[in-house]
Amino acid sequence: MKRTGLFLILWFSCAQALTTEARVQTATSSPFDVLHYEAQVEPDIANKSVTGKVLIQLISRVDNLATIDLDCGELTIDAVRENGATREFLRADRHLRVTLSRPAKASEKREIEVEYHGTPRFGIRFFSERTQVYTVFSTSQWLVCVDAPDDRATLQLKLIVPADFKTVANGSLAAQRKSTGNKIVFEWRQVIPVPTYTFGFAAGRFQTFTEKHGRVQLRYLATQFSAKELFRIFRDTADMIDFYEERAGVRYADSTYTQVLAAGGAEQEMSGFTVLRESYGREVLANERDVWLGAHELAHQWWGNMVTCRDWNHFWLNEGIATFMAAAYKEHRFGREEYLREIETNRVNYQKVRDAGKDRSLVFPNWSNPTREDRTLVYDKGAYVLHVLREEVGERAFWGGLRQYTRRNFGKSVTTPDFQSAMERATGKDLSDFFAKWVYLTKR
Ligand SMILES: [Zn+2]
């Protein structure tokens with residue numbers, strides 16, 4: 001996600017989403033772990049609605065697990081089944097509580113099937129005049145799931161759309177077949193477990209162009225740009241992947257990376273793809289250096305999607321690092337001045353929050369109702385603090401620490417002490433004072 005640009009709309013949707021999710025217990029404290037979702041979703045663009053069903057495979061962490069709680073946004077639940085038999089359920093306050101047929105023992109696997117429909121107000125955006133639909137961050141608004149960022153799962157998603165549509169979802173396209181009513185079913189499979197907020201899809205009458213970068217297929221979906229323009233807009237994508245792989249010490253996790261230029265103000269990363277606003281494409285065509293947004297969203301494929309904040313209180317580890325890495329990419333591609341220009345923007349934005357007396361710890365006590373200033377801290381102060389740390393510890397230690405942090409935690413959930421200890425190992429120094437001053441604000 002990006003903080004600015006159609007700020008109010010984004011802020012509204014993200015703030016809403018985070019409010020919902022912050023109430024959910026973290027998965028590590030949850031009595032069960034979801035392993036896999038097998039979903040079928042049919043969006044109706046004209047009616048701004050979805051109909052779906054999902055088979056949720058989970059494993060109990062405790063003995064005597066009698067009920068399970070799922071997130072369901074404002075969806076209407078039509079049926080819940082276990083092994084084909086209807087189960088009782090309670091639905092209240094964006095949660096669905098299902099009573100299991102008999103209590104599960106620790107390590108016992110269960111499968112729950114949920115059928116649902118609804119007209120979500122956020123988490124998915126419908127553009128009837130452009131016949132496009134895509135998801136934005138709040139997965140439980142269109143798919144019944146556990147929406148905590150530290151519950152990673154795999155996904156098989158069957159998308160039912162009109163026959164002339166193209167789609168992108170997580171992982172790879174495994175199959176497509178014609179369906180009744182001039183529809184087509186696209187089956188996507190995400191085989192690497194990822195947090196559910198990175199689940200999603202985009203669908204519409206897109207044109208699709210591809211190119212190959214080593215083992216990664218790069219896909220571009222759009223309606224208002226020529227092939228020539230798209231290859232120009234996204235020409236740095238391959239170089240960005242190489243740069244992040246080198247800095248992360250970990251290869252890009254998927255075999256494809258898709259960028260969609262879509263209607264509305266989209267700026268949303270998901271596992272294996274990103275939905276961007278069309279104005280981004282026009283900006284890059286006008287100025288080839290204007291690739292910050294594409295670089296930020298791609299950075300999330302490492303920092304955010306694969307190395308994920310354990311709960312939203314440590315959100316700066318997702319957004320501060322992605323913001324900083326976009327500046328670092330611009331430095332690599334266009335030189336030091338471009339990097340310093342981005343960092344100066346971060347510093348100025350942060351300074352405004354300080355001047356307003358609203359500076360606070362980057363680790364939040366409760367990220368349940370973030371203000372505009374809180375979001376500036378997470379994005380801009382987060383990136384600026386990384387720059388200050390880089391200046392303080394030097395190139396070798398900083399990038400070595402970032403690489404250690406990324407490699408050690410790839411595919412895992414992290415908190416700020418994980419980042420601090422990786423940096424301390426790389427520098428051989430105690431960084432408590434630095435973190436107290438810049439991150440926790442306990443020492444000035
Ligand atoms: Zn972001």
# chains A, B, ... in the order shown; residues from 1 in each chain; ligands from 1
$ residues_around --residues "region 402-416 of chain A" --least-positions-apart "6" --cutoff "10 Å" --atoms "only C-alpha atoms" --output "ChimeraX atom specification"
/A:28,149-152,192-195,245-251,253,302-318,321,362-363,422-423,425-426,435,439-440
$ residues_near_ligand --ligand "ligand 1" --cutoff "9 Å" --atoms "only C-alpha atoms and all ligand atoms" --output "NGL selection string"
:A and (1-3 or 267-269 or 293 or 296-297 or 299-300 or 304 or 318-323 or 379)
$ write_last_selection --atoms "all heavy atoms" --output "short mmCIF file (atom, residue, chain, number, x, y, z; two decimals), in the first residue's frame"
data_model
loop_
_atom_site.label_atom_id
_atom_site.label_comp_id
_atom_site.auth_asym_id
_atom_site.auth_seq_id
_atom_site.Cartn_x
_atom_site.Cartn_y
_atom_site.Cartn_z
N MET A 1 0.83 -1.20 0.00
CA MET A 1 0.00 0.00 0.00
C MET A 1 0.86 1.24 0.00
O MET A 1 1.95 1.24 0.53
CB MET A 1 -0.84 0.03 1.26
CG MET A 1 -2.07 -0.78 1.19
SD MET A 1 -2.82 -0.77 2.81
CE MET A 1 -1.65 -1.75 3.71
N LYS A 2 0.30 2.27 -0.54
CA LYS A 2 0.98 3.55 -0.47
C LYS A 2 0.12 4.49 0.35
O LYS A 2 -1.09 4.38 0.38
CB LYS A 2 1.19 4.09 -1.89
CG LYS A 2 2.16 5.24 -1.93
CD LYS A 2 2.02 5.96 -3.25
CE LYS A 2 2.64 7.33 -3.15
NZ LYS A 2 2.02 8.27 -4.04
N ARG A 3 0.80 5.42 1.02
CA ARG A 3 0.08 6.27 1.96
C ARG A 3 -0.65 7.42 1.28
O ARG A 3 -1.73 7.80 1.64
CB ARG A 3 1.06 6.83 2.99
CG ARG A 3 0.44 7.56 4.12
CD ARG A 3 1.52 8.09 5.02
NE ARG A 3 2.44 8.95 4.28
CZ ARG A 3 2.18 10.22 3.99
NH1 ARG A 3 1.06 10.77 4.35
NH2 ARG A 3 3.05 10.95 3.32
N GLU A 267 -3.58 1.13 -5.28
CA GLU A 267 -2.15 1.07 -4.93
C GLU A 267 -2.01 -0.09 -3.96
O GLU A 267 -1.76 0.11 -2.79
CB GLU A 267 -1.70 2.36 -4.25
CG GLU A 267 -1.87 3.59 -5.12
CD GLU A 267 -1.50 4.88 -4.42
OE1 GLU A 267 -1.63 4.94 -3.18
OE2 GLU A 267 -1.09 5.82 -5.10
N GLN A 268 -2.24 -1.31 -4.43
CA GLN A 268 -2.34 -2.43 -3.50
C GLN A 268 -1.51 -3.62 -3.95
O GLN A 268 -1.73 -4.17 -5.02
CB GLN A 268 -3.81 -2.85 -3.36
CG GLN A 268 -4.03 -3.96 -2.35
CD GLN A 268 -3.67 -3.52 -0.94
OE1 GLN A 268 -4.10 -2.46 -0.48
NE2 GLN A 268 -2.85 -4.31 -0.24
N GLU A 269 -0.59 -4.00 -3.07
CA GLU A 269 0.19 -5.21 -3.32
C GLU A 269 -0.57 -6.42 -2.82
O GLU A 269 -1.29 -6.34 -1.83
CB GLU A 269 1.54 -5.11 -2.61
CG GLU A 269 1.51 -5.45 -1.11
CD GLU A 269 1.00 -4.34 -0.21
OE1 GLU A 269 0.54 -3.31 -0.74
OE2 GLU A 269 1.03 -4.51 1.02
N LEU A 293 6.23 4.32 -6.88
CA LEU A 293 5.08 3.50 -6.46
C LEU A 293 5.25 2.03 -6.89
O LEU A 293 5.04 1.12 -6.08
CB LEU A 293 3.78 4.07 -7.05
CG LEU A 293 2.50 3.33 -6.68
CD1 LEU A 293 2.28 3.31 -5.18
CD2 LEU A 293 1.29 3.97 -7.39
N HIS A 296 7.83 0.55 -4.64
CA HIS A 296 7.32 0.33 -3.28
C HIS A 296 6.48 -0.96 -3.22
O HIS A 296 6.68 -1.81 -2.36
CB HIS A 296 6.49 1.54 -2.84
CG HIS A 296 5.78 1.37 -1.54
ND1 HIS A 296 6.24 1.91 -0.35
CD2 HIS A 296 4.65 0.71 -1.21
CE1 HIS A 296 5.42 1.59 0.63
NE2 HIS A 296 4.44 0.86 0.13
N GLU A 297 5.55 -1.08 -4.16
CA GLU A 297 4.65 -2.26 -4.11
C GLU A 297 5.42 -3.55 -4.38
O GLU A 297 5.15 -4.57 -3.74
CB GLU A 297 3.51 -2.09 -5.12
CG GLU A 297 2.67 -0.82 -4.95
CD GLU A 297 2.01 -0.65 -3.57
OE1 GLU A 297 2.15 -1.54 -2.71
OE2 GLU A 297 1.37 0.40 -3.35
N ALA A 299 8.53 -4.09 -3.59
CA ALA A 299 9.32 -4.38 -2.38
C ALA A 299 8.50 -5.19 -1.37
O ALA A 299 9.04 -6.01 -0.62
CB ALA A 299 9.79 -3.07 -1.74
N HIS A 300 7.18 -4.99 -1.37
CA HIS A 300 6.32 -5.75 -0.45
C HIS A 300 6.35 -7.26 -0.71
O HIS A 300 5.97 -8.03 0.16
CB HIS A 300 4.87 -5.28 -0.54
CG HIS A 300 4.59 -4.05 0.27
ND1 HIS A 300 4.94 -3.94 1.59
CD2 HIS A 300 3.96 -2.87 -0.06
CE1 HIS A 300 4.55 -2.75 2.05
NE2 HIS A 300 3.96 -2.08 1.08
N GLY A 304 6.76 -7.53 3.91
CA GLY A 304 5.29 -7.40 4.00
C GLY A 304 4.68 -8.77 3.71
O GLY A 304 4.22 -9.46 4.61
N ASN A 318 6.47 -3.50 7.74
CA ASN A 318 6.00 -3.67 6.36
C ASN A 318 6.20 -2.39 5.56
O ASN A 318 6.81 -2.38 4.49
CB ASN A 318 4.49 -3.99 6.32
CG ASN A 318 4.15 -5.40 6.77
OD1 ASN A 318 4.96 -6.09 7.38
ND2 ASN A 318 2.93 -5.83 6.47
N GLU A 319 5.64 -1.29 6.08
CA GLU A 319 5.54 -0.07 5.26
C GLU A 319 6.78 0.81 5.30
O GLU A 319 7.14 1.41 4.29
CB GLU A 319 4.30 0.73 5.66
CG GLU A 319 2.98 -0.01 5.38
CD GLU A 319 2.79 -0.36 3.91
OE1 GLU A 319 3.50 0.18 3.04
OE2 GLU A 319 1.91 -1.21 3.62
N GLY A 320 7.42 0.91 6.46
CA GLY A 320 8.64 1.70 6.54
C GLY A 320 9.74 1.10 5.66
O GLY A 320 10.43 1.81 4.93
N ILE A 321 9.86 -0.23 5.72
CA ILE A 321 10.92 -0.88 4.93
C ILE A 321 10.60 -0.78 3.43
O ILE A 321 11.48 -0.46 2.63
CB ILE A 321 11.14 -2.34 5.38
CG1 ILE A 321 11.69 -2.36 6.82
CG2 ILE A 321 12.10 -3.06 4.43
CD1 ILE A 321 11.96 -3.75 7.39
N ALA A 322 9.33 -1.00 3.03
CA ALA A 322 8.98 -0.90 1.59
C ALA A 322 9.21 0.52 1.09
O ALA A 322 9.68 0.73 -0.04
CB ALA A 322 7.54 -1.34 1.37
N THR A 323 8.88 1.52 1.92
CA THR A 323 9.08 2.92 1.53
C THR A 323 10.57 3.21 1.38
O THR A 323 11.00 3.82 0.39
CB THR A 323 8.44 3.84 2.60
OG1 THR A 323 7.03 3.54 2.67
CG2 THR A 323 8.62 5.31 2.24
N TYR A 379 4.91 5.08 7.64
CA TYR A 379 5.52 5.12 6.30
C TYR A 379 6.76 6.01 6.27
O TYR A 379 7.85 5.56 5.94
CB TYR A 379 4.51 5.64 5.27
CG TYR A 379 3.43 4.66 4.89
CD1 TYR A 379 2.35 4.39 5.73
CD2 TYR A 379 3.46 4.02 3.66
CE1 TYR A 379 1.36 3.50 5.37
CE2 TYR A 379 2.45 3.13 3.28
CZ TYR A 379 1.41 2.87 4.15
OH TYR A 379 0.42 1.99 3.78
#
$ closest_residue --among "A:Leu377, A:Ala383, A:Ile59, A:Ala397" --to "Glu111 (chain A)" --atoms "only C-alpha atoms"
A:Ile59
$ select_by_dssp --residues "region 107-331 of chain A" --states "strand (DSSP E)" --output "PyMOL selection string"
chain A and resi 109-118+124-127+132-135+152-162+166-169+172-179+183-195+201-204+207-213+216-222+256-262+267-270+273-277+307-309
$ residues_around --residues "Asp254 (chain A)" --least-positions-apart "6" --cutoff "10 Å" --atoms "only C-alpha atoms" --output "PDB file with N, CA and C atoms, in the first residue's frame"
ATOM      1  N   ASN A 170      -3.524 -15.003  -6.793  1.00  0.00           N
ATOM      2  CA  ASN A 170      -2.243 -15.356  -6.174  1.00  0.00           C
ATOM      3  C   ASN A 170      -1.654 -16.628  -6.777  1.00  0.00           C
ATOM      4  N   GLY A 171      -0.325 -16.641  -6.860  1.00  0.00           N
ATOM      5  CA  GLY A 171       0.363 -17.845  -7.336  1.00  0.00           C
ATOM      6  C   GLY A 171       0.259 -17.980  -8.841  1.00  0.00           C
ATOM      7  N   SER A 172      -0.056 -19.206  -9.318  1.00  0.00           N
ATOM      8  CA  SER A 172      -0.104 -19.434 -10.763  1.00  0.00           C
ATOM      9  C   SER A 172      -1.481 -19.881 -11.197  1.00  0.00           C
ATOM     10  N   GLN A 190      -2.050 -20.698  -4.991  1.00  0.00           N
ATOM     11  CA  GLN A 190      -0.950 -20.130  -4.202  1.00  0.00           C
ATOM     12  C   GLN A 190      -0.408 -21.261  -3.345  1.00  0.00           C
ATOM     13  N   VAL A 191       0.779 -21.758  -3.669  1.00  0.00           N
ATOM     14  CA  VAL A 191       1.283 -22.949  -2.974  1.00  0.00           C
ATOM     15  C   VAL A 191       2.240 -22.606  -1.828  1.00  0.00           C
ATOM     16  N   ILE A 192       2.705 -21.361  -1.789  1.00  0.00           N
ATOM     17  CA  ILE A 192       3.527 -20.917  -0.653  1.00  0.00           C
ATOM     18  C   ILE A 192       2.583 -20.262   0.351  1.00  0.00           C
ATOM     19  N   ARG A 215      13.713 -16.848 -14.545  1.00  0.00           N
ATOM     20  CA  ARG A 215      12.656 -17.830 -14.254  1.00  0.00           C
ATOM     21  C   ARG A 215      11.329 -17.157 -13.947  1.00  0.00           C
ATOM     22  N   VAL A 216      11.290 -15.818 -13.931  1.00  0.00           N
ATOM     23  CA  VAL A 216      10.055 -15.109 -13.567  1.00  0.00           C
ATOM     24  C   VAL A 216       9.360 -14.545 -14.811  1.00  0.00           C
ATOM     25  N   GLN A 217       8.075 -14.875 -14.923  1.00  0.00           N
ATOM     26  CA  GLN A 217       7.292 -14.273 -15.997  1.00  0.00           C
ATOM     27  C   GLN A 217       6.702 -12.961 -15.503  1.00  0.00           C
ATOM     28  N   SER A 271      -0.071 -11.060  -2.946  1.00  0.00           N
ATOM     29  CA  SER A 271       0.973 -12.051  -3.170  1.00  0.00           C
ATOM     30  C   SER A 271       1.087 -12.346  -4.671  1.00  0.00           C
ATOM     31  N   GLY A 272       2.198 -12.007  -5.273  1.00  0.00           N
ATOM     32  CA  GLY A 272       2.451 -12.301  -6.688  1.00  0.00           C
ATOM     33  C   GLY A 272       1.945 -11.274  -7.666  1.00  0.00           C
ATOM     34  N   PHE A 273       1.269 -10.252  -7.199  1.00  0.00           N
ATOM     35  CA  PHE A 273       0.818  -9.200  -8.130  1.00  0.00           C
ATOM     36  C   PHE A 273       0.499  -7.908  -7.387  1.00  0.00           C
ATOM     37  N   GLN A 301       6.758  -7.660  -1.913  1.00  0.00           N
ATOM     38  CA  GLN A 301       6.816  -9.104  -2.169  1.00  0.00           C
ATOM     39  C   GLN A 301       7.839  -9.764  -1.241  1.00  0.00           C
TER      40      GLN A 301
END
$ residues_around --residues "region 127-134 of chain A" --least-positions-apart "5" --cutoff "8 Å" --atoms "only C-alpha atoms" --output "JSON, numbers by chain"
{"A": [43, 45, 46, 200, 201, 202, 203, 204, 205, 262, 263, 275]}
$ residues_around --residues "Asp44 (chain A)" --least-positions-apart "4" --cutoff "10 Å" --atoms "only C-alpha atoms" --output "list in words"
Lys48, Ser49, Val50, Thr51, Thr119, Phe126, Ser128, Thr131, Val133, Ile160, Val161 and Pro162 of chain A
$ closest_residue --among "A:Phe89, A:Trp188, A:Trp438, A:Phe199" --to "Ile124 (chain A)" --atoms "only C-alpha atoms"
A:Phe199
$ atom_distance --atom1 "CA of Cys72 (chain A)" --atom2 "CA of Thr180 (chain A)"
28.1 Å
$ atom_distance --atom1 "CA of Asp147 (chain A)" --atom2 "CA of Pro31 (chain A)"
14.5 Å
$ residues_around --residues "Arg341 (chain A)" --least-positions-apart "3" --cutoff "12 Å" --atoms "only C-alpha atoms" --output "list in words"
Arg289, Trp292, Phe324, Ala326, Ala327, Ala328, Lys330, Glu331, Phe334, Gly335, Arg336, Glu337, Glu338, Glu344, Thr345, Asn346, Arg347, Val348 and Tyr384 of chain A
$ select_by_dssp --residues "region 59-255 of chain A" --states "alpha helix (DSSP H)" --output "ChimeraX atom specification"
/A:227-233,237-248
$ residues_around --residues "Arg235 (chain A)" --least-positions-apart "5" --cutoff "12 Å" --atoms "only C-alpha atoms" --output "MDAnalysis selection string"
chainID A and resid 210:213 218:220 227:230 240:241 259 281 284:285 288:289 291 294:295 333
$ closest_residue --among "A:Leu55, A:Val62, A:Leu173, A:Val144" --to "His95 (chain A)" --atoms "only C-alpha atoms"
A:Val144
